[in-house]
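What follows is the content of entry-v4.cif (mmCIF, C-alpha atoms).
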data_entry
#
loop_
_atom_site.label_atom_id
_atom_site.label_comp_id
_atom_site.auth_asym_id
_atom_site.auth_seq_id
_atom_site.Cartn_x
_atom_site.Cartn_y
_atom_site.Cartn_z
CA MET H 26 17.38 -1.71 -10.48
CA LYS H 27 16.81 -1.16 -6.83
CA LYS H 28 13.52 -0.62 -5.13
CA LEU H 29 11.92 1.10 -2.20
CA VAL H 30 11.42 -0.28 1.24
CA LEU H 31 8.71 1.17 3.26
CA THR H 32 7.39 0.47 6.70
CA PHE H 33 4.03 1.57 7.66
CA ALA H 34 1.47 1.03 10.24
CA LEU H 35 -1.63 2.62 11.28
CA LEU H 36 -5.20 2.14 11.57
CA SER H 37 -8.59 3.26 10.67
CA SER H 38 -11.63 4.83 12.21
CA CYS H 39 -13.94 7.47 10.88
CA LEU H 40 -15.75 10.73 11.48
CA LEU H 41 -17.04 13.62 9.43
CA PHE H 42 -19.67 16.24 9.04
CA SER H 43 -23.06 16.24 7.30
CA ASN H 44 -24.74 19.65 7.96
CA CYS H 45 -22.08 22.30 7.43
CA GLU H 46 -24.20 25.17 8.77
CA ASN H 47 -22.60 28.14 10.36
CA LYS H 48 -23.54 28.02 14.03
CA LYS H 49 -22.68 30.72 16.49
CA GLU H 50 -22.23 29.68 20.07
CA THR H 51 -22.16 31.96 23.08
CA LEU H 52 -19.99 30.49 25.81
CA ALA H 53 -19.12 31.56 29.30
CA VAL H 54 -15.89 33.52 29.38
CA HIS H 55 -14.19 31.07 31.68
CA ALA H 56 -15.46 27.90 29.96
CA GLN H 57 -12.58 25.49 29.62
CA PRO H 58 -12.35 23.12 26.62
CA LYS H 59 -12.45 19.42 27.42
CA PRO H 60 -11.23 16.47 25.41
CA THR H 61 -13.97 14.66 23.52
CA VAL H 62 -12.16 11.31 23.42
CA ALA H 63 -10.43 9.59 26.33
CA THR H 64 -6.84 8.70 25.65
CA THR H 65 -4.19 6.98 27.70
CA ALA H 66 -0.59 8.12 27.78
CA ASP H 67 0.42 4.73 29.17
CA THR H 68 -0.52 2.77 26.05
CA LYS H 69 0.90 3.51 22.62
CA ILE H 70 0.83 2.11 19.13
CA GLN H 71 4.26 2.76 17.64
CA VAL H 72 5.04 2.08 14.00
CA ALA H 73 8.37 2.46 12.24
CA LEU H 74 8.13 2.78 8.48
CA LEU H 75 11.39 1.87 6.76
CA LEU H 76 11.38 3.17 3.23
CA ASP H 77 13.84 1.97 0.64
CA THR H 78 14.17 4.88 -1.74
CA SER H 79 16.34 3.17 -4.33
CA SER H 80 15.46 3.36 -8.01
CA SER H 81 12.29 1.93 -9.57
CA MET H 82 10.30 1.93 -6.33
CA ASP H 83 8.16 4.97 -7.16
CA GLY H 84 5.09 2.75 -7.25
CA LEU H 85 5.56 1.74 -3.63
CA ILE H 86 5.99 5.35 -2.58
CA GLU H 87 2.73 6.18 -4.35
CA GLN H 88 0.99 3.39 -2.45
CA ALA H 89 2.37 4.78 0.81
CA LYS H 90 1.01 8.23 0.01
CA SER H 91 -2.31 6.77 -1.06
CA ARG H 92 -2.76 4.54 1.98
CA LEU H 93 -1.41 6.70 4.81
CA TRP H 94 -4.76 8.06 5.99
CA ASN H 95 -6.56 4.76 5.50
CA ILE H 96 -3.96 3.09 7.71
CA VAL H 97 -4.26 5.86 10.32
CA ASN H 98 -8.03 5.39 10.35
CA THR H 99 -7.57 1.66 10.84
CA LEU H 100 -5.32 2.31 13.83
CA THR H 101 -7.82 4.69 15.39
CA THR H 102 -10.43 1.97 15.61
CA LEU H 103 -8.33 0.25 18.29
CA LYS H 104 -9.18 0.79 21.93
CA TYR H 105 -7.52 -0.51 25.07
CA GLU H 106 -9.67 -0.65 28.20
CA GLY H 107 -12.07 1.74 26.49
CA LYS H 108 -9.41 4.34 25.71
CA SER H 109 -7.64 5.39 22.54
CA PRO H 110 -3.90 4.69 22.65
CA GLU H 111 -1.48 7.33 21.47
CA ILE H 112 -0.34 6.66 17.90
CA GLN H 113 3.25 7.43 16.92
CA ILE H 114 4.87 6.92 13.52
CA ALA H 115 8.53 7.07 12.52
CA LEU H 116 9.95 7.25 9.00
CA TYR H 117 13.29 6.01 7.70
CA GLU H 118 14.64 5.92 4.19
CA TYR H 119 17.43 3.67 3.04
CA GLY H 120 18.95 2.37 -0.16
CA ASN H 121 19.27 5.83 -1.71
CA SER H 122 22.56 6.65 -3.45
CA GLY H 123 22.23 10.21 -2.24
CA LEU H 124 22.85 9.01 1.32
CA SER H 125 26.34 8.32 2.62
CA VAL H 126 28.00 4.91 2.51
CA GLN H 127 29.18 5.53 6.09
CA SER H 128 25.54 5.55 7.19
CA ASN H 129 24.80 2.36 5.22
CA TYR H 130 22.62 4.57 2.99
CA ILE H 131 20.19 5.12 5.88
CA ARG H 132 18.53 8.34 7.09
CA GLN H 133 16.02 8.88 9.87
CA ILE H 134 13.36 11.15 8.36
CA THR H 135 11.29 11.56 11.52
CA PRO H 136 11.51 10.06 15.01
CA LEU H 137 8.43 8.43 16.53
CA SER H 138 5.93 11.29 16.35
CA THR H 139 2.24 12.12 16.68
CA ASP H 140 2.62 14.84 14.01
CA LEU H 141 0.70 13.22 11.16
CA ASP H 142 1.02 16.25 8.89
CA LEU H 143 4.80 15.97 9.18
CA ILE H 144 4.64 12.29 8.20
CA SER H 145 2.54 13.19 5.15
CA GLU H 146 4.82 16.07 4.21
CA GLN H 147 7.92 13.87 4.32
CA LEU H 148 6.28 11.07 2.34
CA PHE H 149 5.40 13.46 -0.46
CA ALA H 150 8.98 14.78 -0.45
CA LEU H 151 10.60 11.36 -1.05
CA ARG H 152 12.52 10.74 -4.27
CA THR H 153 14.14 7.54 -5.51
CA ASN H 154 17.79 7.29 -6.56
CA GLY H 155 19.96 4.23 -7.26
CA GLY H 156 21.20 2.66 -4.07
CA TYR H 157 22.13 -0.39 -2.03
CA GLU H 158 19.43 -1.78 0.25
CA TYR H 159 20.61 -3.16 3.57
CA CYS H 160 17.61 -4.48 5.45
CA GLY H 161 19.53 -5.68 8.51
CA ALA H 162 21.21 -2.29 8.89
CA VAL H 163 18.02 -0.21 8.74
CA ILE H 164 16.19 -2.55 11.13
CA LYS H 165 19.07 -2.24 13.62
CA GLU H 166 19.10 1.55 13.22
CA SER H 167 15.38 1.87 13.91
CA VAL H 168 15.50 -0.49 16.90
CA ASP H 169 18.51 1.22 18.47
CA LYS H 170 17.76 4.88 17.73
CA LEU H 171 14.01 5.26 18.21
CA THR H 172 12.46 5.82 21.63
CA TRP H 173 10.36 2.69 22.05
CA ASP H 174 7.79 2.54 24.83
CA ASP H 175 8.22 -0.11 27.53
CA HIS H 176 4.56 -0.37 28.60
CA GLN H 177 3.48 -4.00 28.48
CA LYS H 178 0.37 -3.35 26.39
CA SER H 179 1.89 -0.96 23.88
CA MET H 180 2.08 -2.26 20.30
CA LYS H 181 5.47 -1.81 18.63
CA LEU H 182 5.69 -2.67 14.94
CA VAL H 183 8.24 -2.31 12.16
CA TYR H 184 7.15 -2.58 8.53
CA ILE H 185 9.78 -2.93 5.84
CA ALA H 186 8.93 -3.25 2.14
CA GLY H 187 11.21 -3.84 -0.81
CA ASN H 188 12.35 -6.36 -3.41
CA GLU H 189 16.11 -6.87 -3.10
CA PRO H 190 17.50 -9.85 -1.11
CA PHE H 191 16.82 -9.37 2.60
CA ASN H 192 20.30 -10.51 3.62
CA GLN H 193 22.32 -7.78 1.87
CA GLY H 194 24.84 -5.69 3.80
CA ASN H 195 27.31 -6.40 6.60
CA ILE H 196 24.73 -6.44 9.44
CA ASN H 197 23.06 -9.80 9.95
CA TYR H 198 19.30 -9.32 9.81
CA LYS H 199 18.74 -12.14 12.30
CA GLU H 200 20.90 -10.40 14.91
CA ALA H 201 19.14 -7.08 14.31
CA ILE H 202 15.76 -8.75 14.67
CA ALA H 203 16.84 -10.55 17.85
CA ASP H 204 17.55 -7.14 19.39
CA ALA H 205 14.08 -5.99 18.30
CA LEU H 206 12.38 -8.92 19.99
CA LYS H 207 14.14 -8.10 23.26
CA LYS H 208 12.17 -4.83 23.18
CA ASP H 209 8.93 -6.60 22.17
CA ILE H 210 9.12 -5.07 18.68
CA PHE H 211 7.70 -7.23 15.88
CA ILE H 212 9.13 -7.15 12.36
CA ASN H 213 6.80 -7.35 9.36
CA THR H 214 8.12 -7.76 5.84
CA ILE H 215 6.40 -6.78 2.60
CA PHE H 216 8.02 -8.13 -0.53
CA CYS H 217 7.34 -6.25 -3.74
CA GLY H 218 6.97 -9.12 -6.17
CA ASN H 219 5.76 -12.70 -6.26
CA ALA H 220 5.54 -14.75 -3.10
CA ALA H 221 8.03 -17.43 -4.15
CA GLU H 222 10.78 -14.90 -4.85
CA GLY H 223 10.17 -13.23 -1.50
CA ILE H 224 10.63 -16.58 0.19
CA SER H 225 13.83 -17.41 -1.72
CA THR H 226 15.34 -13.99 -0.94
CA PHE H 227 14.71 -14.32 2.83
CA TRP H 228 11.86 -11.84 3.24
CA LYS H 229 9.60 -14.48 4.70
CA ASP H 230 12.39 -15.67 6.96
CA GLY H 231 12.80 -12.10 8.25
CA ALA H 232 9.14 -12.05 9.25
CA ASP H 233 9.30 -15.52 10.76
CA VAL H 234 12.35 -14.65 12.86
CA GLY H 235 10.74 -11.34 13.84
CA LYS H 236 7.43 -12.97 14.90
CA GLY H 237 5.75 -10.80 12.32
CA LYS H 238 3.76 -11.22 9.12
CA TYR H 239 5.09 -11.78 5.61
CA PHE H 240 3.25 -10.31 2.63
CA ASN H 241 3.91 -9.94 -1.05
CA ILE H 242 2.28 -7.16 -3.06
CA ASP H 243 2.07 -5.72 -6.55
CA TYR H 244 3.90 -2.52 -5.74
CA ASN H 245 3.26 -0.96 -9.15
CA ALA H 246 -0.50 -1.36 -8.91
CA LYS H 247 -2.45 1.85 -8.60
CA VAL H 248 -4.55 1.89 -5.43
CA ARG H 249 -8.23 1.30 -6.13
CA TYR H 250 -10.67 3.49 -4.23
CA ILE H 251 -14.34 2.97 -3.55
CA VAL H 252 -16.05 6.30 -4.13
CA THR H 253 -18.97 6.90 -1.78
CA PRO H 254 -21.94 9.30 -1.76
CA TYR H 255 -20.47 10.87 1.40
CA ASP H 256 -17.01 11.88 0.17
CA ASP H 257 -17.90 15.36 -1.09
CA ARG H 258 -19.84 16.28 2.05
CA ILE H 259 -17.00 15.08 4.24
CA SER H 260 -14.52 17.15 2.25
CA GLN H 261 -16.70 20.26 2.55
CA CYS H 262 -16.84 19.80 6.29
CA ASN H 263 -13.06 19.50 6.42
CA VAL H 264 -12.84 23.10 5.22
CA ARG H 265 -14.94 24.20 8.20
CA LEU H 266 -12.85 22.04 10.51
CA ASN H 267 -9.71 23.87 9.38
CA ALA H 268 -11.32 27.16 10.36
CA THR H 269 -11.37 26.06 14.02
CA TYR H 270 -7.56 25.99 14.25
CA ILE H 271 -5.80 28.93 15.92
CA GLY H 272 -2.06 28.88 15.33
CA TYR H 273 0.23 30.22 18.04
CA GLY H 274 3.93 30.53 18.74
CA ALA H 275 6.83 30.14 16.33
CA LYS H 276 5.19 27.19 14.54
CA GLY H 277 1.66 28.56 14.27
CA VAL H 278 1.67 30.14 10.82
CA GLU H 279 3.91 27.51 9.24
CA LYS H 280 2.01 24.52 10.61
CA LYS H 281 -1.40 25.92 9.71
CA ARG H 282 -0.13 26.40 6.16
CA SER H 283 1.27 22.85 6.20
CA GLN H 284 -2.15 21.55 7.22
CA GLU H 285 -3.61 23.05 4.05
CA VAL H 286 -0.74 21.77 1.91
CA GLN H 287 -1.26 18.20 3.17
CA ASP H 288 -4.96 18.54 2.39
CA ALA H 289 -3.97 19.44 -1.17
CA ASN H 290 -1.50 16.56 -1.34
CA ALA H 291 -4.20 14.10 -0.28
CA GLU H 292 -6.65 15.54 -2.80
CA SER H 293 -4.01 15.24 -5.56
CA ILE H 294 -4.20 11.45 -5.10
CA SER H 295 -8.01 11.29 -5.28
CA THR H 296 -11.15 12.76 -3.75
CA ALA H 297 -11.60 9.52 -1.80
CA ASN H 298 -8.12 9.87 -0.33
CA TYR H 299 -8.94 13.45 0.65
CA ALA H 300 -12.02 12.15 2.44
CA GLU H 301 -9.85 9.57 4.26
CA ARG H 302 -7.53 12.32 5.47
CA SER H 303 -10.50 14.42 6.56
CA VAL H 304 -11.76 11.51 8.65
CA SER H 305 -8.34 11.18 10.30
CA LYS H 306 -8.32 14.90 11.11
CA SER H 307 -11.61 14.57 12.95
CA LYS H 308 -10.19 11.95 15.33
CA ALA H 309 -8.31 12.30 18.61
CA VAL H 310 -5.19 10.90 16.91
CA TYR H 311 -4.87 14.13 14.92
CA LYS H 312 -3.60 16.42 17.67
CA ASN H 313 -1.65 19.62 17.23
CA ASP H 314 -1.12 21.08 20.69
CA SER H 315 2.37 22.27 19.69
CA TRP H 316 0.85 24.97 17.45
CA ASP H 317 -2.97 25.03 17.83
CA LEU H 318 -4.50 26.85 20.81
CA VAL H 319 -7.65 24.70 20.87
CA ASP H 320 -5.66 21.48 21.24
CA LYS H 321 -3.21 23.15 23.62
CA ALA H 322 -5.99 24.28 25.94
CA LYS H 323 -7.28 20.69 26.12
CA THR H 324 -3.95 19.38 27.39
CA ASP H 325 -2.95 22.35 29.57
CA ALA H 326 -5.60 24.17 31.62
CA LYS H 327 -3.25 27.10 32.25
CA ALA H 328 -2.08 27.42 28.64
CA LEU H 329 -4.14 30.49 27.84
CA ASP H 330 -3.12 32.27 31.06
CA ASN H 331 0.54 31.67 30.30
CA LEU H 332 0.51 32.82 26.68
CA LYS H 333 2.96 35.60 25.89
CA GLU H 334 2.02 38.49 23.62
CA GLU H 335 4.64 37.49 21.03
CA GLU H 336 3.14 33.98 20.80
CA LEU H 337 -0.29 35.23 19.76
CA PRO H 338 -1.47 35.09 16.15
CA ALA H 339 -2.33 38.39 14.48
CA GLU H 340 -6.08 37.97 15.08
CA LEU H 341 -5.60 37.69 18.85
CA LYS H 342 -3.08 40.44 19.44
CA ASN H 343 -4.27 43.31 21.63
CA LYS H 344 -7.09 41.16 23.02
CA SER H 345 -7.50 40.55 26.73
CA LYS H 346 -7.02 37.14 28.35
CA GLU H 347 -10.77 36.89 28.85
CA GLU H 348 -11.48 37.67 25.18
CA ILE H 349 -8.94 35.05 24.09
CA LYS H 350 -10.52 32.44 26.37
CA THR H 351 -13.93 33.19 24.89
CA ILE H 352 -12.67 32.84 21.32
CA VAL H 353 -10.87 29.57 22.07
CA ALA H 354 -13.96 28.21 23.82
CA GLN H 355 -16.11 29.11 20.80
CA LYS H 356 -13.70 27.40 18.40
CA THR H 357 -13.58 24.36 20.68
CA LYS H 358 -17.36 24.08 20.62
CA GLU H 359 -17.46 24.48 16.85
CA ARG H 360 -14.84 21.77 16.40
CA GLU H 361 -16.66 19.33 18.67
CA THR H 362 -19.91 19.91 16.76
CA ILE H 363 -18.19 19.34 13.41
CA GLN H 364 -16.42 16.23 14.69
CA LYS H 365 -19.68 14.75 15.93
CA GLU H 366 -21.33 15.32 12.56
CA MET H 367 -18.28 13.92 10.78
CA ALA H 368 -18.32 10.80 12.92
CA GLU H 369 -21.87 10.02 11.86
CA LEU H 370 -21.08 10.69 8.22
CA ALA H 371 -17.87 8.67 8.33
CA LYS H 372 -19.70 5.70 9.82
CA LYS H 373 -22.11 5.70 6.88
CA ARG H 374 -19.18 6.01 4.51
CA GLN H 375 -17.43 2.99 6.00
CA GLU H 376 -20.61 0.92 5.90
CA PHE H 377 -20.93 1.75 2.20
CA ILE H 378 -17.30 0.73 1.58
CA ASP H 379 -17.71 -2.51 3.54
CA ASN H 380 -20.80 -3.47 1.53
CA GLU H 381 -19.11 -2.70 -1.79
CA SER H 382 -15.98 -4.60 -0.76
CA LYS H 383 -17.95 -7.84 -0.37
CA ASN H 384 -18.17 -8.05 -4.14
CA THR H 385 -14.59 -6.95 -4.81
CA LYS H 386 -11.40 -8.97 -4.58
CA THR H 387 -9.03 -7.54 -1.95
CA GLN H 388 -6.16 -5.67 -3.56
CA ASP H 389 -2.66 -6.82 -2.60
CA ASP H 390 -1.32 -3.36 -1.81
CA LEU H 391 0.63 -1.92 1.09
CA GLY H 392 -2.37 -0.62 3.03
CA ASN H 393 -4.36 -3.85 2.95
CA ALA H 394 -1.30 -5.87 3.98
CA MET H 395 -0.72 -3.63 6.98
CA ALA H 396 -4.35 -3.51 8.06
CA THR H 397 -4.51 -7.30 8.12
CA SER H 398 -1.52 -7.63 10.44
CA ILE H 399 -2.48 -4.72 12.69
CA HIS H 400 -5.79 -6.32 13.66
CA SER H 401 -4.03 -9.60 14.37
CA TYR H 402 -1.53 -7.96 16.75
CA ALA H 403 -4.24 -5.89 18.39
CA LYS H 404 -6.30 -8.95 19.31
CA ALA H 405 -3.26 -10.65 20.86
CA LYS H 406 -2.51 -7.54 22.92
CA GLY H 407 -6.04 -7.26 24.30
CA TYR H 408 -7.21 -4.36 22.12
CA VAL H 409 -10.72 -4.25 20.72
CA VAL H 410 -11.91 -2.78 17.43
CA VAL H 411 -14.53 -0.06 17.84
CA ASN H 412 -15.87 1.38 14.58
#

As C-alpha cells:
Amino acid sequence: MKKLVLTFALLSSCLLFSNCENKKETLAVHAQPKPTVATTADTKIQVALLLDTSSSMDGLIEQAKSRLWNIVNTLTTLKYEGKSPEIQIALYEYGNSGLSVQSNYIRQITPLSTDLDLISEQLFALRTNGGYEYCGAVIKESVDKLTWDDHQKSMKLVYIAGNEPFNQGNINYKEAIADALKKDIFINTIFCGNAAEGISTFWKDGADVGKGKYFNIDYNAKVRYIVTPYDDRISQCNVRLNATYIGYGAKGVEKKRSQEVQDANAESISTANYAERSVSKSKAVYKNDSWDLVDKAKTDAKALDNLKEEELPAELKNKSKEEIKTIVAQKTKERETIQKEMAELAKKRQEFIDNESKNTKTQDDLGNAMATSIHSYAKAKGYVVVN
C-alpha cells in the first residue's frame, strides 16, 4: 500500500481577544487605515509542501490538517531586522493513481501563495488513491516550476513526507536536490515509520544531500492538543473578527464564505485547532487584500477612490466615496482593537501550553518535526524568534 507525502512549513505566533464588547468608533471621514505590523517585501519564508496522496496515508493528511495553523503560528514568530517576512506556501500532491503517468503522478495544487484559506481548503479536499510515489520527480517539479525568491535572507524550504523508498522513479533524487541547492532551497524529509527503515530507504540520505533535516514520525497517531482556559474566548473573538471583513470585487462573496468554511473545517478537528486558526487570522500573515477592502486599503492608499460601482458589496452600493471611507476606517479600527486583545490572550494561551508541555513527552508528528527544523534554519539565516 502506498502512502502520502506531504511537505509543510510554517510557524507560530499568537494573538486573540479577551473582551468582546461592541465598541463604536467615530472616525474622521478621510482617516486612512495603517498597517499594524511592519512587514518587508524583500524577505520571504517560502515553503513547498509535497503531499503523496497514495493509499493508506490518510493519517498523514489528518496531521497536516491538524497542524497547519500551529505551523503558521510558529512561522509568524520569526522576525528579520524587526520586521515580519512574507510567508508563502505551495502545495503539491503526487503518488495518486488519479493523476496521469505522463506527469509522473504529480499535480501542483497551489503555487507559492499568501492565501492561507486556499491552502486550508485544498488540504481538506485531498483524497488518497493507489499510486506510485516518485520523490525525485516531485522535488524537481517544485524546484523548477515554483517562483522562488532570490533575496539572500529569504528562507526557502521543501518538506516531503512519505514511506515508500525515496529513490523510486526515473528522476534521480540527488540530481533534483542538487538543482534545489543551487537556488538555496533546503530539502527536509519526513519518513512515516521507524527511523531505521527511513535510513535504509534513502530518506535520511535525501535530507543529508539536501542540507536539510531528517525526521521519522508515527503518521497514524492522532494529534494531541493541550486545551487551555483561553480557547473559548479566543474563538468567540474570532466571530467578531470576521465581522470586520468587507468583501469586494468578483472574489468578495466567495472568499468571505470560504473564510467561514475554513473556520468550520478547523473546528471539525478540535476546539483547540479552531483557536490556533483564530490566532493565525489575527496576525499580519493572514492578509486578504485581493478581496477584503480593509486589507486592500492598507496596501493601496488610492484603493477606495478607484473602486468601481460593480466591485462594491451589496451593503456599500449607492453610498458615496466619503461614506465608504468612513465605514472602512471604522472596520479597520475595530479589527485593530480585536487583534490587540487577541494578541494578549494568545500570549497567555501559549504560556499555558508551554508550561503544560514541560511535563509531556513531545509527540513525533508532522507539526513538531517541522517546527524543530524551522527554528534551526531561522537562526542560521539571522532571524529572531519574537513571541

Requested in this report: Could you jot down the atom CA of Leu171 of chain H to atom CA of Ser138 of chain H separation for me, Å, one decimal place?
Outcome: 10.3 Å

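In terms of minimum interatomic distance to Lys104 of chain H, H:Thr68 ranks closest within H:Thr68, H:Thr397, H:Ser225, H:Thr78, counting all atoms listed in the file.
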
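Summary of the local environment: counting only C-alpha atoms, residues at most 9 Å from Ile242 of chain H, other than itself and those fewer than 5 positions away along its chain, are Ile215, Phe216, Cys217, Gly218, Asn219, Ala220, Gln388, Asp389, Asp390, Leu391 and Ala394 of chain H.
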
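You will find atom CA of Ala371 of chain H at 15.6 Å from atom CA of Val264 of chain H.
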
Could you work out an axis-aligned bounding box for all listed atoms of segment 78-87 of chain H, with 6 Å added on each of the six sides, and give its centre and edge lengths in Å to one decimal, as JSON?
{"center_x": 9.5, "center_y": 4.0, "center_z": -5.7, "size_x": 25.6, "size_y": 16.4, "size_z": 19.8}

Counting all atoms listed in the file, which residues in segment 242-329 of chain H sit no more than 9 Å from segment 378-384 of chain H? For each one, give the nearest pair of atoms and the distance in Å, sorted by chain then residue number, as a Markdown table.
| residue | atom | partner | partner_atom | distance |
| --- | --- | --- | --- | --- |
| H:Ile251 | CA | H:Ile378 | CA | 6.3 |
| H:Val252 | CA | H:Ile378 | CA | 8.1 |
| H:Thr253 | CA | H:Ile378 | CA | 7.2 |

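Atom CA of Ile224 of chain H to atom CA of Asn195 of chain H spans 20.6 Å [interatomic distance, one decimal].
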
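Applied to this file, the PyMOL selection byres ((chain H and resi 115) around 8) selects the residues H:Gln71, H:Val72, H:Ala73, H:Leu74, H:Gln113, H:Ile114, H:Leu116, H:Tyr117, H:Ile134, H:Thr135, H:Pro136, H:Leu137, H:Ser138, H:Ile144.
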
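Distance annotation: of H:Asp174, H:Glu301, H:Glu361, H:Asp142, the residue with the minimal separation from Glu285 of chain H is H:Asp142; atom set is only C-alpha atoms.
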
May I ask you to restore N, CA, C and O atoms in segment 387-400 of chain H and write the result as a compact mmCIF listing (two decimals), in the coordinates of the input?
# COMPACT_ATOMS: atom_id res chain seq x y z
N THR H 387 -9.94 -8.40 -2.71
CA THR H 387 -9.03 -7.54 -1.95
C THR H 387 -7.75 -7.30 -2.74
O THR H 387 -7.13 -8.22 -3.24
N GLN H 388 -7.36 -6.04 -2.83
CA GLN H 388 -6.16 -5.67 -3.56
C GLN H 388 -4.92 -5.97 -2.70
O GLN H 388 -4.90 -5.74 -1.50
N ASP H 389 -3.88 -6.50 -3.35
CA ASP H 389 -2.66 -6.82 -2.60
C ASP H 389 -1.72 -5.61 -2.59
O ASP H 389 -0.63 -5.63 -3.14
N ASP H 390 -2.17 -4.55 -1.91
CA ASP H 390 -1.32 -3.36 -1.81
C ASP H 390 -0.82 -3.18 -0.38
O ASP H 390 -1.17 -3.94 0.53
N LEU H 391 0.00 -2.16 -0.19
CA LEU H 391 0.63 -1.92 1.09
C LEU H 391 -0.38 -1.74 2.22
O LEU H 391 -0.25 -2.33 3.30
N GLY H 392 -1.40 -0.93 1.99
CA GLY H 392 -2.37 -0.62 3.03
C GLY H 392 -3.13 -1.84 3.50
O GLY H 392 -3.31 -2.06 4.71
N ASN H 393 -3.60 -2.65 2.56
CA ASN H 393 -4.36 -3.85 2.95
C ASN H 393 -3.48 -4.85 3.69
O ASN H 393 -3.93 -5.51 4.63
N ALA H 394 -2.22 -4.97 3.28
CA ALA H 394 -1.30 -5.87 3.98
C ALA H 394 -1.12 -5.43 5.43
O ALA H 394 -1.16 -6.23 6.36
N MET H 395 -0.94 -4.14 5.63
CA MET H 395 -0.72 -3.63 6.98
C MET H 395 -1.95 -3.75 7.85
O MET H 395 -1.88 -4.11 9.02
N ALA H 396 -3.11 -3.44 7.29
CA ALA H 396 -4.35 -3.51 8.06
C ALA H 396 -4.60 -4.92 8.58
O ALA H 396 -5.02 -5.12 9.72
N THR H 397 -4.32 -5.91 7.73
CA THR H 397 -4.51 -7.30 8.12
C THR H 397 -3.67 -7.66 9.35
O THR H 397 -4.15 -8.27 10.31
N SER H 398 -2.41 -7.27 9.33
CA SER H 398 -1.52 -7.63 10.44
C SER H 398 -1.82 -6.82 11.70
O SER H 398 -1.72 -7.34 12.81
N ILE H 399 -2.20 -5.58 11.54
CA ILE H 399 -2.48 -4.72 12.69
C ILE H 399 -3.60 -5.31 13.54
O ILE H 399 -3.52 -5.36 14.77
N HIS H 400 -4.67 -5.75 12.91
CA HIS H 400 -5.79 -6.32 13.66
C HIS H 400 -5.38 -7.60 14.38
O HIS H 400 -5.83 -7.88 15.49
